[in-house]
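The structure appears below as structure tokens.
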Amino acid sequence: MSKKTQGVLSAVRRGRGGVRVSHSKNTAEMPVERMPIPSKVVISMQQHIGVPCTPLVKVGDIVAVGQKIGDSDKFVSAPIHATISGKVTAVGDIKLANGIITKGVTIESDGEMRMCEYIKPPVVTNKEELCAAVRESGLVGLGGAGFPTHVKLNVPADKKIDTLIINAAECEPYITVDYRECVENSENVIKGVEKVRQLLGIEKVIIAIEDNKPKVFEIMKEIADRDNEIGDAIKLMTLRSQYPQGAEKMMVLSATGRKVPPGKLPADVGCIVMNVASIAFIARYLETGKPLVSRSITVDGGAIKEPKNLRVPIGTNIQDIIDFCGGFKSEPRKIISGGPMMGIAICDTNAPICKQNNALLAFDDRKDLIKTERECIRCGRCVDVCPMSLMPTLIERYARIKDAEKLEKIGIGVCMECGSCAYACPSGRPLVQYMRLAKQVLREESAKK
Amino acid sequence: MSKRLTVSASPHVRSNETTTGIMLDVIIALIPALIMSVVYFGTRALALTAVTVASAVIAEYLSRKVMKRSNTLGDLSAVVTGLILAFNLPATLPLWMAAVGSVIAIVVVKQMFGGIGQNFVNPAMTARIILMVSFPTAMAKWVTPFQNCWNADAVTSATPMATLASAKGGDLSAVADALPTLTDMLLGKHGGSMGEVCSIALICGGLYLMLRRVISPIIPFAFIGTVAATMFLYSGFNLEYTAYQLLGGGLMLGAFFMATDYTTCPINKKGKLIFGIGCGLITFVIRVFGALPEGVSFSIILMNILVPHIENLSAAKPFGTLKEKKGKKEEKKA
């Protein structure tokens, strides 16, 4: 092994399937702007995969930035913090952008952004302390799924982790916040990587980036090369820019050549995959102790007047964000929270931003309706592009006749709803919808038993 | 404003490929062979094609209407079926018989099983076989190229396939005089169905489809490769005999345009390979040991019927499925 990162690694193994989607990274060169403090934020108690939090404040309470306002005693959960300082004006049911109704806390700003007095850098010397600190920070996977990070880091002792993979692929079209994170906060990324690597005792770190972002390689390489020790452990890897390269299982395959079995986690094959923004946050948190109260999002799409990358307090109203970007230049037909491949179409802009939202895209046309829905012609494109080796057209058929036994046999469980099948389908069939229906059929069947 | 926002399942973008576009590509790929058949068999070939295409389109429209289903003419699949059926017919076939063939292909084989994507055998191929057994004389009247095919007394000749069938063990010496040259075989200057004679035009069309990624090369290569390998072995490594077998009959048309029919071939890669090899083996057996001189149609139909089983047996395991796992499960059952 050389003393320095000589060059950049290339992917160990090429994943099967995938589709070549237009990148549309229009906002790549737009630095992240800070949005002015909103007059009001609505903070949801469910901003992660797992158990919702219980509000810890009541109407009339005065809160400061970073003060914990929601928590849960369950393991798979992450606490919620106040993102602005001011007065709690409501605690109760709120509607999220995707239509889900959950508990939430409304805070009216006093305009001061006063920091909570008990915020101080955490003392972290071992894995347990790191996991506890990360839990207190409220960090969830910032890539989109919202899986609590402390759960991910808290690997059982019998599972040996040898590789930490930093996911900077950002394979979804339009979104550029991870790219901006790499460019603007590259020092933090490397610092965070070093911290986590040392505390968890991981030998190797791979920072995986799609080959359409050459600028990131230069910046990262320069920092890693500055220190021999770091440069030895941290390797940069270039990945083919093909959707869904950033999906966790695809990432593990490309970076290490290992396949995560159905129903298992990357930890089962010795890997931890973390989003680049999450790791940079850990570095900042360990230095300042300031929990997750804001995040970067890309605002883009044909209907947005001034596309931007923004840093917004969590809980900011979506309409306020769009207004800050100059509002709509044409009538929006569809607004997506997240990327166009896996994002959720929202029904109302009067809803708050959550921790896992990484983009807001507004379109004045319906790009998903460019083809009429026709009968399946069994062309096999969905089978060819499925990164999980499934047969989406067969799954559709079994889902329609609700054949739970067949669905289980052909492995619907591994479907991650990446949307490659529906993207490629020449007959314009809504295959992802059928994949979800198939999973529902299985759930109903197992509930019966 | 918010009332007009649409909510639908992801993904929110789609590729540009459409069913109509795919069918249009197939039609484009068939045009060189159509031009060559007009060169060899005159306007009669054009008239026959017009009849099969028109009757296929009308049959599709009317049958959908009668069954109270949506109009599917826009996907152009009826046009493709009509074109391919015409290619499978002798140029002198009475036009009404051709029309009957189209109606069988569209109504009986395709629409009665649910329309596009639902039929379990290739419509054009099945129609050809039904016509062959219904009108054996008219369907076996192979006129030699470059004469007036409107004339009922046009000169006929044995097809190279019939001649080859008498060359037992791959020995060409006895039949050499009756066979056209290999160049003529490639260009299509010999008797046969109007669209299958010109191998080079069909190969060009097939390559176009592969370049456009409309068809996967697996089936054509496996099919033609298996025929080539078996014929080569059978004839005692006689290259000339193998070449005649490859260029004669419906092999090129069948391998590039009919065995690759989406609906009636396996959707997975491994299945496609098995399917192609199976087609090749059956073709070899029928051509060499069967009573018929040509076996491409029957081989494709037989393999069509096996497709669900091939798919079941060759389906890829979902991502990351462990090989040992299967063994463990079986142990548990036992």
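How things are named: the first chain in the structure tokens is A, the next is B, and so on; residues count from 1 in each chain; ligands count from 1 in the order shown.
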Per residue of chain A within 6 Å of chain B, record the nearest atom pair and its distance in Å to one decimal, counting only C-alpha atoms, with rows in chain order and ascending residue number, as a tab-separated table.
residue	atom	partner	partner_atom	distance
A:Lys259	CA	B:Gly320	CA	5.0
A:Val260	CA	B:Gly320	CA	5.4
A:Pro261	CA	B:Gly320	CA	4.1
A:Arg333	CA	B:Leu5	CA	5.0
A:Lys334	CA	B:Leu5	CA	5.2
A:Pro340	CA	B:His12	CA	4.9
A:Met341	CA	B:Pro11	CA	4.2
A:Met342	CA	B:Ser10	CA	5.5
A:Ala345	CA	B:Val7	CA	5.1
A:Cys347	CA	B:Leu5	CA	5.9
A:Asp348	CA	B:Ser2	CA	5.6
A:Lys367	CA	B:Val13	CA	5.1
A:Asp368	CA	B:Val13	CA	4.7
A:Cys376	CA	B:Gly117	CA	5.7
A:Ile377	CA	B:Gly117	CA	4.1
A:Arg378	CA	B:Thr263	CA	5.2
A:Cys379	CA	B:Tyr262	CA	4.8
A:Gly380	CA	B:Ile267	CA	4.7
A:Met388	CA	B:Phe319	CA	4.6
A:Ser389	CA	B:Pro318	CA	5.0
A:Leu390	CA	B:Pro318	CA	5.7
A:Gly411	CA	B:Pro318	CA	5.8
A:Gly419	CA	B:Pro11	CA	5.3
A:Tyr423	CA	B:Arg14	CA	4.4
A:Ala424	CA	B:Ser15	CA	5.6
A:Pro426	CA	B:Thr18	CA	4.0
A:Ser427	CA	B:Thr19	CA	5.6
A:Gln433	CA	B:Ala9	CA	5.8
Residues just named, written with N, CA and C atoms as a PDB file, in the first residue's frame:
ATOM      1  N   LYS A 259     -22.534  -8.634  -1.707  1.00  0.00           N
ATOM      2  CA  LYS A 259     -23.977  -8.501  -1.898  1.00  0.00           C
ATOM      3  C   LYS A 259     -24.690  -8.624  -0.559  1.00  0.00           C
ATOM      4  N   VAL A 260     -25.529  -7.643  -0.264  1.00  0.00           N
ATOM      5  CA  VAL A 260     -26.302  -7.697   0.974  1.00  0.00           C
ATOM      6  C   VAL A 260     -27.500  -8.622   0.741  1.00  0.00           C
ATOM      7  N   PRO A 261     -27.605  -9.718   1.513  1.00  0.00           N
ATOM      8  CA  PRO A 261     -28.710 -10.660   1.279  1.00  0.00           C
ATOM      9  C   PRO A 261     -30.068 -10.028   1.583  1.00  0.00           C
ATOM     10  N   ARG A 333     -47.860  21.911 -11.869  1.00  0.00           N
ATOM     11  CA  ARG A 333     -48.794  20.790 -11.996  1.00  0.00           C
ATOM     12  C   ARG A 333     -48.449  19.721 -10.977  1.00  0.00           C
ATOM     13  N   LYS A 334     -47.147  19.663 -10.651  1.00  0.00           N
ATOM     14  CA  LYS A 334     -46.708  18.620  -9.742  1.00  0.00           C
ATOM     15  C   LYS A 334     -45.552  19.137  -8.906  1.00  0.00           C
ATOM     16  N   PRO A 340     -36.893  13.180  -8.602  1.00  0.00           N
ATOM     17  CA  PRO A 340     -37.969  12.750  -9.493  1.00  0.00           C
ATOM     18  C   PRO A 340     -38.119  11.228  -9.598  1.00  0.00           C
ATOM     19  N   MET A 341     -37.101  10.460  -9.201  1.00  0.00           N
ATOM     20  CA  MET A 341     -37.228   9.010  -9.315  1.00  0.00           C
ATOM     21  C   MET A 341     -37.908   8.382  -8.098  1.00  0.00           C
ATOM     22  N   MET A 342     -37.582   8.877  -6.914  1.00  0.00           N
ATOM     23  CA  MET A 342     -38.128   8.256  -5.708  1.00  0.00           C
ATOM     24  C   MET A 342     -38.878   9.222  -4.807  1.00  0.00           C
ATOM     25  N   ALA A 345     -44.813  12.953  -4.499  1.00  0.00           N
ATOM     26  CA  ALA A 345     -45.586  14.074  -5.019  1.00  0.00           C
ATOM     27  C   ALA A 345     -46.424  14.620  -3.880  1.00  0.00           C
ATOM     28  N   CYS A 347     -49.324  17.182  -2.049  1.00  0.00           N
ATOM     29  CA  CYS A 347     -50.633  17.688  -2.439  1.00  0.00           C
ATOM     30  C   CYS A 347     -50.859  19.106  -1.945  1.00  0.00           C
ATOM     31  N   ASP A 348     -49.978  19.593  -1.078  1.00  0.00           N
ATOM     32  CA  ASP A 348     -50.208  20.909  -0.506  1.00  0.00           C
ATOM     33  C   ASP A 348     -48.862  21.540  -0.173  1.00  0.00           C
ATOM     34  N   LYS A 367     -44.128  15.081 -16.489  1.00  0.00           N
ATOM     35  CA  LYS A 367     -43.148  14.285 -17.217  1.00  0.00           C
ATOM     36  C   LYS A 367     -43.435  12.790 -17.131  1.00  0.00           C
ATOM     37  N   ASP A 368     -44.284  12.417 -16.170  1.00  0.00           N
ATOM     38  CA  ASP A 368     -44.586  10.993 -16.046  1.00  0.00           C
ATOM     39  C   ASP A 368     -45.714  10.605 -16.980  1.00  0.00           C
ATOM     40  N   CYS A 376     -49.060  -4.442 -21.054  1.00  0.00           N
ATOM     41  CA  CYS A 376     -47.676  -4.928 -21.029  1.00  0.00           C
ATOM     42  C   CYS A 376     -47.430  -5.769 -22.265  1.00  0.00           C
ATOM     43  N   ILE A 377     -46.314  -5.507 -22.964  1.00  0.00           N
ATOM     44  CA  ILE A 377     -46.000  -6.314 -24.138  1.00  0.00           C
ATOM     45  C   ILE A 377     -44.896  -7.328 -23.822  1.00  0.00           C
ATOM     46  N   ARG A 378     -44.565  -7.476 -22.563  1.00  0.00           N
ATOM     47  CA  ARG A 378     -43.544  -8.422 -22.124  1.00  0.00           C
ATOM     48  C   ARG A 378     -42.193  -8.179 -22.795  1.00  0.00           C
ATOM     49  N   CYS A 379     -41.850  -6.921 -22.979  1.00  0.00           N
ATOM     50  CA  CYS A 379     -40.600  -6.617 -23.681  1.00  0.00           C
ATOM     51  C   CYS A 379     -39.397  -6.967 -22.817  1.00  0.00           C
ATOM     52  N   GLY A 380     -39.603  -7.047 -21.483  1.00  0.00           N
ATOM     53  CA  GLY A 380     -38.505  -7.439 -20.612  1.00  0.00           C
ATOM     54  C   GLY A 380     -37.595  -6.303 -20.191  1.00  0.00           C
ATOM     55  N   MET A 388     -32.232  -5.288  -8.613  1.00  0.00           N
ATOM     56  CA  MET A 388     -32.409  -6.344  -7.622  1.00  0.00           C
ATOM     57  C   MET A 388     -32.743  -7.690  -8.272  1.00  0.00           C
ATOM     58  N   SER A 389     -32.579  -7.799  -9.581  1.00  0.00           N
ATOM     59  CA  SER A 389     -32.844  -9.052 -10.320  1.00  0.00           C
ATOM     60  C   SER A 389     -34.275  -9.543 -10.162  1.00  0.00           C
ATOM     61  N   LEU A 390     -35.215  -8.638 -10.069  1.00  0.00           N
ATOM     62  CA  LEU A 390     -36.607  -9.067  -9.962  1.00  0.00           C
ATOM     63  C   LEU A 390     -37.270  -9.033 -11.332  1.00  0.00           C
ATOM     64  N   GLY A 411     -39.659 -12.848  -4.572  1.00  0.00           N
ATOM     65  CA  GLY A 411     -38.759 -11.940  -3.860  1.00  0.00           C
ATOM     66  C   GLY A 411     -39.124 -10.475  -3.862  1.00  0.00           C
ATOM     67  N   GLY A 419     -37.725   2.682  -8.947  1.00  0.00           N
ATOM     68  CA  GLY A 419     -38.451   3.261 -10.075  1.00  0.00           C
ATOM     69  C   GLY A 419     -37.829   3.008 -11.435  1.00  0.00           C
ATOM     70  N   TYR A 423     -39.639   3.628 -15.057  1.00  0.00           N
ATOM     71  CA  TYR A 423     -38.982   4.588 -15.941  1.00  0.00           C
ATOM     72  C   TYR A 423     -38.779   3.983 -17.324  1.00  0.00           C
ATOM     73  N   ALA A 424     -38.335   2.740 -17.358  1.00  0.00           N
ATOM     74  CA  ALA A 424     -37.975   2.118 -18.636  1.00  0.00           C
ATOM     75  C   ALA A 424     -39.185   1.601 -19.401  1.00  0.00           C
ATOM     76  N   PRO A 426     -41.928   0.820 -21.761  1.00  0.00           N
ATOM     77  CA  PRO A 426     -42.409   1.533 -22.940  1.00  0.00           C
ATOM     78  C   PRO A 426     -43.930   1.647 -22.964  1.00  0.00           C
ATOM     79  N   SER A 427     -44.597   0.823 -22.168  1.00  0.00           N
ATOM     80  CA  SER A 427     -46.055   0.889 -22.123  1.00  0.00           C
ATOM     81  C   SER A 427     -46.543   1.825 -21.020  1.00  0.00           C
ATOM     82  N   GLN A 433     -46.116   1.581  -8.327  1.00  0.00           N
ATOM     83  CA  GLN A 433     -47.383   1.491  -7.616  1.00  0.00           C
ATOM     84  C   GLN A 433     -47.770   0.022  -7.411  1.00  0.00           C
TER      85      GLN A 433
END
Residues near stretch 285-290 of chain B, anyone? I mean within 8 Å using only C-alpha atoms, not counting same-chain ones fewer than 5 positions away, as a VMD selection string. chain B and resid 165 168 295
Can you write just those residues out, N, CA, C and O atoms, as a short mmCIF file (atom, residue, chain, number, x, y, z; two decimals), in the first residue's frame?
data_model
loop_
_atom_site.label_atom_id
_atom_site.label_comp_id
_atom_site.auth_asym_id
_atom_site.auth_seq_id
_atom_site.Cartn_x
_atom_site.Cartn_y
_atom_site.Cartn_z
N ALA B 165 -33.26 -31.44 -48.29
CA ALA B 165 -33.81 -32.55 -47.53
C ALA B 165 -33.44 -33.88 -48.18
O ALA B 165 -33.35 -34.92 -47.50
N LYS B 168 -29.04 -36.52 -48.02
CA LYS B 168 -28.90 -37.22 -46.74
C LYS B 168 -27.44 -37.18 -46.26
O LYS B 168 -26.51 -37.31 -47.06
N GLY B 295 -38.51 -26.48 -40.74
CA GLY B 295 -38.99 -26.67 -39.38
C GLY B 295 -38.98 -25.44 -38.50
O GLY B 295 -39.28 -25.53 -37.32
#
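Residues in contact with stretch 19-34 of chain A at up to 7 Å, not including ones fewer than 3 positions away on its chain and judged by only C-alpha atoms, are Pro173, Tyr174, Ile175, Thr176, Arg180, Gln242, Tyr243, Pro307, Lys308, Asn309, Leu310, Arg311, Val312, Val385 and Ser420 of chain A.
For the pair atom CA of B:Gly254 and atom CA of B:Ile310, the separation is 19.4 Å.
Counting only C-alpha atoms, A:Val189 has the following residues at most 7 Å away, ignoring those fewer than 6 positions along the same chain: A:Val276, A:Ile279, A:Ala280.
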Would you save the residues from that selection as an mmCIF file, in the first residue's frame, using N, CA and C atoms?
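Saved file part.cif follows:
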data_model
loop_
_atom_site.group_PDB
_atom_site.id
_atom_site.type_symbol
_atom_site.label_atom_id
_atom_site.label_comp_id
_atom_site.auth_asym_id
_atom_site.auth_seq_id
_atom_site.Cartn_x
_atom_site.Cartn_y
_atom_site.Cartn_z
ATOM 1 N N VAL A 276 -23.018 11.615 2.780
ATOM 2 C CA VAL A 276 -21.929 12.570 2.963
ATOM 3 C C VAL A 276 -22.357 13.752 3.843
ATOM 4 N N ILE A 279 -22.301 12.624 7.540
ATOM 5 C CA ILE A 279 -20.974 12.515 8.153
ATOM 6 C C ILE A 279 -20.411 13.905 8.435
ATOM 7 N N ALA A 280 -20.676 14.864 7.527
ATOM 8 C CA ALA A 280 -20.216 16.234 7.756
ATOM 9 C C ALA A 280 -20.921 16.830 8.963
#
Long-range neighbours of stretch 196-211 of chain B as a ChimeraX atom specification, 9 Å cut-off, only C-alpha atoms, 4 positions minimum in chain: /B:25-26,28-37,87-89,184-192,215-217,220,247-257
In Å to one decimal, how far is atom CA of A:Gly144 from atom CA of A:Ile344? 10.8 Å
